[in-house]
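> Pasting a structure below so you can have a look.
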Amino acid sequence: MRPVLGIDLGTSNSVVALCQGGKVTIIADEEGNRIHPSAVAFLPDGSVLVGAKARAGLAQRPEQTIISAKRLIGRRHASREVAQTKQRMGYRIVDDQGGVALKIGGDVHTLETISALILRYLRDLAENFIGHSVRHAVITVPAYFDDNQRQATRRAGQMVGLEVLRIVNEPTAAAFSYGYGGKRSHRIAVFDLGGGTFDVSVLELGEGALEVLSTGGDTFLGGDDFDGLIANQLAQAVEQYTGRDPRQDSAAKLCLLALAEQAKCQLSEEESFELDLSSIAGVPMKTSIDRANFEAAIKPYIDRCLTLCQKALDEGLVHVSEIDGVVLVGGSTRIPAVRRAVTRFFRRRPDEGIDADLVVGVGAAMYAENLESPSTATSKRVLLDVTPMSLRLATVGGFCEAIIDHNSPIPTERSRLFTTARDHQDRVSLRIYQGEDDQEDGNTLLGEFVFGPFSKALRGEVQISVTFAIDSDGLVQVTARDLASGQAAVGCVNLGLAQEPVQQKQEDLPAAVKR
Amino acid sequence: MSEDFDRWRSQVLNTAVRLDEIDYFSLLGCPQTVVPADLRQAFRGLAQSYHPDALVSEDEELTAAVEAIYRRLTEAYAVLRQPSQRQAYIAGLAQGLTRYDPEKSQSALKDFQAKQAPGRSDSGRLHFQRAQRAAAQGDRFSAAAEMRLALLYEPNEPGFLNFAQKLGIVAR
């Protein structure tokens, strides 16, 4: 059987794993690390570092080191998320025909390029481990990734010659890694609080099938927000002490974030943590943060997570007492306050099995093997996933109508019949959105689909049948057909963002160096 | 084994071609009154054979057919598990709509409900429905007035008389 990698392409860290004969191997780098920072550094001599080595140089090269690129992939430059990310990153984020690109020195890199460099690094690690080339992968994304973000992730894989067999939602992959199932069916909740995003899914694991009952989340809620809170507190302390706001300087800003992250991690183990801020303040300065203080600061974020959990349970028609297990995913679930809140909410202790940082990668690898196993295999499981967001179509006056409701099982499709509004109208244009708002503005625009020109006629005479489909990867496709002539057109709808031919980009990919 | 497979394959291809003629209940093998738990069981059972993950095959024609069937299965499942959509779908099905269409199916349901209402004349039904609405809002005065108008059109309609009795405007 051909090897298929399971890749957890995370916001902060990535994991690559391979499952053969039911046995999962998590692939390590030369130093033996199994968790690879999702960092890429562009050095002045034109070479590129990826992974732990890139992350290690962040403080020295804040403007050339890309971290948390996943927060930006597939986003519009004008979005709130991009504005927020700009504030806390040392590198330059620029507009690229409505989308986002990164400007490092004189070069402009797309977010796909950054993801592609990380994927290539992970693939190379795997190839070194296996001893021959690998061409196929299953890549995980947050359940709340929209079509633009999924397309961009898939393109990143293509750029390094990886055929992405399936894009799987992270919580679903995490559930896959757990040994539930068997004769009795289990209902489990996956609580995934990572660096950048929060996802919650309610799943039922039965014989031969894993069904996602509902899913919810927030694409901009995670450990990075906690770091930001601590960093702001520290900056204020420095400002009070020295009269100068250290956030003016991008290097100091990043240094604060790094200290904040360190403090956050330590506070999971200890009651208080002492920091030396001398290098940032420019004068000798020490301060400390205690756990109670930190927990009070992040409480609104935890409450938001629990609200989203309740919503997911309600939508899956599951009562909290029917949950048989809770799986924690993501580094932020190590925070004791988060664990306590989850335990109280679900009225049970979370399952301790696989490391929360590895569980998605392990699940992705297991799913990859499951996907490749023959239909007749007894262990074969099908994955009945749902779409986390409603697919919408703009109507009139700024409104839009749901064509496929959120939490609908995928792959699926719906057809609608449209007609012309004017005499001799020879094309129709459909604006497609994802989101839960009845107003266009409250949703993410996926793109505009234009069909035509078709044969002219009086208004109302032309009948256009339009099919909206979401495939197993969560990707959206629109097909239109003129019922009179049979003329048809198919389109993916991510026309909203600039796209360059993948082939050309592959050659442009800068060479990574090993040191 | 291979004979069985060939028979299955031709059945699948045939089903995929005729998909628009098959209603959701036949597709899922459920009665119109199916309860949510049985509906899920039926969907899950079929998913084991028709989910894109289930079939590992180089046969592109078969893969495409299986995927088309699965997309329709998920559509059927999503519609039937929502009571309001299921009702509208059943009404639309009586008019030959094998797929749920938000506009047409809902308007079929309205037509059906209107026909279920007592009365044979449009005017009688109109006033009867207004009387019901007014009564539901607690406006007994308007309800009585509308009901008297309805009875002008159809004085012997049993449904009208029954409701008029409840309002206390005709003797029992």
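We label chains A, B, ... in the order they appear in the structure tokens, count residues from 1 in each chain, and number ligands from 1 in the order shown.
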Might you pull out every residue within 10 Å of stretch 117-134 of chain B, with only C-alpha atoms counted and same-chain residues fewer than 3 positions away left off, and present them as a PDB file with N, CA, C and O atoms, in the first residue's frame?


ATOM      1  N   PHE B 112     -52.134  22.555   0.400  1.00  0.00           N
ATOM      2  CA  PHE B 112     -52.684  21.371   1.050  1.00  0.00           C
ATOM      3  C   PHE B 112     -53.445  21.764   2.311  1.00  0.00           C
ATOM      4  O   PHE B 112     -54.577  21.332   2.536  1.00  0.00           O
ATOM      5  N   GLN B 113     -52.794  22.629   3.107  1.00  0.00           N
ATOM      6  CA  GLN B 113     -53.432  23.050   4.361  1.00  0.00           C
ATOM      7  C   GLN B 113     -54.720  23.822   4.079  1.00  0.00           C
ATOM      8  O   GLN B 113     -55.701  23.670   4.789  1.00  0.00           O
ATOM      9  N   ALA B 114     -54.693  24.626   2.997  1.00  0.00           N
ATOM     10  CA  ALA B 114     -55.885  25.393   2.640  1.00  0.00           C
ATOM     11  C   ALA B 114     -57.022  24.446   2.274  1.00  0.00           C
ATOM     12  O   ALA B 114     -58.169  24.658   2.646  1.00  0.00           O
ATOM     13  N   GLN B 137     -55.737  35.199  18.255  1.00  0.00           N
ATOM     14  CA  GLN B 137     -55.136  36.396  18.845  1.00  0.00           C
ATOM     15  C   GLN B 137     -55.972  36.938  20.002  1.00  0.00           C
ATOM     16  O   GLN B 137     -55.651  37.971  20.567  1.00  0.00           O
ATOM     17  N   GLY B 138     -57.070  36.262  20.292  1.00  0.00           N
ATOM     18  CA  GLY B 138     -57.902  36.660  21.430  1.00  0.00           C
ATOM     19  C   GLY B 138     -58.935  37.727  21.097  1.00  0.00           C
ATOM     20  O   GLY B 138     -59.594  38.258  21.975  1.00  0.00           O
ATOM     21  N   ASP B 139     -59.060  38.014  19.791  1.00  0.00           N
ATOM     22  CA  ASP B 139     -60.005  39.045  19.386  1.00  0.00           C
ATOM     23  C   ASP B 139     -61.350  38.367  19.047  1.00  0.00           C
ATOM     24  O   ASP B 139     -61.636  38.089  17.889  1.00  0.00           O
ATOM     25  N   ARG B 140     -62.139  38.114  20.057  1.00  0.00           N
ATOM     26  CA  ARG B 140     -63.378  37.355  19.868  1.00  0.00           C
ATOM     27  C   ARG B 140     -64.409  38.155  19.057  1.00  0.00           C
ATOM     28  O   ARG B 140     -65.216  37.574  18.325  1.00  0.00           O
ATOM     29  N   PHE B 141     -64.357  39.465  19.183  1.00  0.00           N
ATOM     30  CA  PHE B 141     -65.330  40.297  18.462  1.00  0.00           C
ATOM     31  C   PHE B 141     -65.143  40.145  16.949  1.00  0.00           C
ATOM     32  O   PHE B 141     -66.083  39.834  16.216  1.00  0.00           O
ATOM     33  N   SER B 142     -63.890  40.348  16.460  1.00  0.00           N
ATOM     34  CA  SER B 142     -63.620  40.206  15.024  1.00  0.00           C
ATOM     35  C   SER B 142     -63.866  38.771  14.580  1.00  0.00           C
ATOM     36  O   SER B 142     -64.373  38.531  13.480  1.00  0.00           O
ATOM     37  N   ALA B 143     -63.499  37.818  15.433  1.00  0.00           N
ATOM     38  CA  ALA B 143     -63.688  36.413  15.088  1.00  0.00           C
ATOM     39  C   ALA B 143     -65.162  36.137  14.832  1.00  0.00           C
ATOM     40  O   ALA B 143     -65.520  35.503  13.822  1.00  0.00           O
ATOM     41  N   ALA B 144     -66.003  36.644  15.710  1.00  0.00           N
ATOM     42  CA  ALA B 144     -67.444  36.414  15.554  1.00  0.00           C
ATOM     43  C   ALA B 144     -67.954  37.075  14.273  1.00  0.00           C
ATOM     44  O   ALA B 144     -68.737  36.485  13.509  1.00  0.00           O
ATOM     45  N   ALA B 145     -67.486  38.298  14.004  1.00  0.00           N
ATOM     46  CA  ALA B 145     -67.910  39.011  12.805  1.00  0.00           C
ATOM     47  C   ALA B 145     -67.517  38.253  11.538  1.00  0.00           C
ATOM     48  O   ALA B 145     -68.328  38.060  10.622  1.00  0.00           O
ATOM     49  N   GLU B 146     -66.262  37.777  11.495  1.00  0.00           N
ATOM     50  CA  GLU B 146     -65.777  37.033  10.323  1.00  0.00           C
ATOM     51  C   GLU B 146     -66.556  35.726  10.161  1.00  0.00           C
ATOM     52  O   GLU B 146     -66.871  35.299   9.057  1.00  0.00           O
ATOM     53  N   MET B 147     -66.860  35.081  11.286  1.00  0.00           N
ATOM     54  CA  MET B 147     -67.544  33.794  11.243  1.00  0.00           C
ATOM     55  C   MET B 147     -68.976  33.947  10.709  1.00  0.00           C
ATOM     56  O   MET B 147     -69.468  33.096   9.968  1.00  0.00           O
ATOM     57  N   ARG B 148     -69.610  35.091  11.072  1.00  0.00           N
ATOM     58  CA  ARG B 148     -70.966  35.345  10.547  1.00  0.00           C
ATOM     59  C   ARG B 148     -70.911  35.512   9.033  1.00  0.00           C
ATOM     60  O   ARG B 148     -71.766  35.007   8.309  1.00  0.00           O
ATOM     61  N   LEU B 149     -69.850  36.178   8.553  1.00  0.00           N
ATOM     62  CA  LEU B 149     -69.689  36.351   7.097  1.00  0.00           C
ATOM     63  C   LEU B 149     -69.491  34.990   6.427  1.00  0.00           C
ATOM     64  O   LEU B 149     -70.081  34.709   5.388  1.00  0.00           O
ATOM     65  N   ALA B 150     -68.664  34.157   7.022  1.00  0.00           N
ATOM     66  CA  ALA B 150     -68.404  32.828   6.454  1.00  0.00           C
ATOM     67  C   ALA B 150     -69.713  32.051   6.343  1.00  0.00           C
ATOM     68  O   ALA B 150     -69.973  31.379   5.330  1.00  0.00           O
ATOM     69  N   LEU B 151     -70.531  32.150   7.382  1.00  0.00           N
ATOM     70  CA  LEU B 151     -71.789  31.395   7.387  1.00  0.00           C
ATOM     71  C   LEU B 151     -72.789  31.934   6.364  1.00  0.00           C
ATOM     72  O   LEU B 151     -73.678  31.207   5.915  1.00  0.00           O
ATOM     73  N   LEU B 152     -72.618  33.206   5.972  1.00  0.00           N
ATOM     74  CA  LEU B 152     -73.469  33.747   4.911  1.00  0.00           C
ATOM     75  C   LEU B 152     -73.254  32.979   3.612  1.00  0.00           C
ATOM     76  O   LEU B 152     -74.181  32.743   2.854  1.00  0.00           O
ATOM     77  N   TYR B 153     -71.955  32.611   3.353  1.00  0.00           N
ATOM     78  CA  TYR B 153     -71.642  31.893   2.122  1.00  0.00           C
ATOM     79  C   TYR B 153     -72.048  30.427   2.211  1.00  0.00           C
ATOM     80  O   TYR B 153     -72.574  29.853   1.275  1.00  0.00           O
ATOM     81  N   GLU B 154     -71.758  29.806   3.340  1.00  0.00           N
ATOM     82  CA  GLU B 154     -72.046  28.370   3.478  1.00  0.00           C
ATOM     83  C   GLU B 154     -72.703  28.099   4.829  1.00  0.00           C
ATOM     84  O   GLU B 154     -72.030  27.698   5.770  1.00  0.00           O
ATOM     85  N   PRO B 155     -73.992  28.331   4.917  1.00  0.00           N
ATOM     86  CA  PRO B 155     -74.667  28.242   6.224  1.00  0.00           C
ATOM     87  C   PRO B 155     -74.680  26.833   6.814  1.00  0.00           C
ATOM     88  O   PRO B 155     -74.830  26.684   8.027  1.00  0.00           O
ATOM     89  N   ASN B 156     -74.499  25.797   5.972  1.00  0.00           N
ATOM     90  CA  ASN B 156     -74.626  24.437   6.502  1.00  0.00           C
ATOM     91  C   ASN B 156     -73.297  23.692   6.615  1.00  0.00           C
ATOM     92  O   ASN B 156     -73.275  22.512   6.913  1.00  0.00           O
ATOM     93  N   GLU B 157     -72.194  24.386   6.348  1.00  0.00           N
ATOM     94  CA  GLU B 157     -70.868  23.736   6.396  1.00  0.00           C
ATOM     95  C   GLU B 157     -70.584  23.288   7.838  1.00  0.00           C
ATOM     96  O   GLU B 157     -70.529  24.118   8.753  1.00  0.00           O
ATOM     97  N   PRO B 158     -70.398  21.978   8.070  1.00  0.00           N
ATOM     98  CA  PRO B 158     -70.253  21.482   9.449  1.00  0.00           C
ATOM     99  C   PRO B 158     -69.054  22.086  10.184  1.00  0.00           C
ATOM    100  O   PRO B 158     -69.165  22.438  11.362  1.00  0.00           O
ATOM    101  N   GLY B 159     -67.960  22.241   9.462  1.00  0.00           N
ATOM    102  CA  GLY B 159     -66.757  22.806  10.092  1.00  0.00           C
ATOM    103  C   GLY B 159     -66.997  24.234  10.561  1.00  0.00           C
ATOM    104  O   GLY B 159     -66.550  24.637  11.636  1.00  0.00           O
ATOM    105  N   PHE B 160     -67.729  24.979   9.743  1.00  0.00           N
ATOM    106  CA  PHE B 160     -68.036  26.369  10.093  1.00  0.00           C
ATOM    107  C   PHE B 160     -68.942  26.402  11.326  1.00  0.00           C
ATOM    108  O   PHE B 160     -68.720  27.165  12.265  1.00  0.00           O
ATOM    109  N   PHE B 163     -67.144  25.621  14.598  1.00  0.00           N
ATOM    110  CA  PHE B 163     -66.333  26.720  15.124  1.00  0.00           C
ATOM    111  C   PHE B 163     -67.225  27.855  15.644  1.00  0.00           C
ATOM    112  O   PHE B 163     -66.921  28.461  16.676  1.00  0.00           O
ATOM    113  N   ALA B 164     -68.336  28.106  14.933  1.00  0.00           N
ATOM    114  CA  ALA B 164     -69.271  29.165  15.353  1.00  0.00           C
ATOM    115  C   ALA B 164     -69.861  28.843  16.724  1.00  0.00           C
ATOM    116  O   ALA B 164     -70.059  29.729  17.557  1.00  0.00           O
ATOM    117  N   LEU B 167     -67.430  29.711  19.350  1.00  0.00           N
ATOM    118  CA  LEU B 167     -67.409  31.152  19.586  1.00  0.00           C
ATOM    119  C   LEU B 167     -68.684  31.629  20.279  1.00  0.00           C
ATOM    120  O   LEU B 167     -68.758  32.774  20.722  1.00  0.00           O
TER     121      LEU B 167
END

> Distance cut-off 8 Å, counting only C-alpha atoms - which residues of chain B neighbour chain A? Return them as an MDAnalysis selection string.

chainID B and resid 44 47:48 51:56 70:75 78 101

> Which is closer to A:Ala292 than all the others in A:Gly22, A:Gly447, A:Gly361, A:Pro336, using only C-alpha atoms?

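Counting only C-alpha atoms, the residue closest to A:Ala292 is A:Pro336.
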
> When you look at stretch 458-462 of chain A with a cut-off of 7 Å (counting only C-alpha atoms), what residues show up, excluding the ones that are within fewer than 5 positions of it in the same chain? I need them as a PyMOL selection string.

chain A and resi 419-424

> Hey, which of A:Ile104, A:Gly98, A:Asp290, A:Ala173 ends up closest to A:Val138? Count only C-alpha atoms.

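Looking only at the distances to A:Val138, the closest residue turns out to be A:Ala173.
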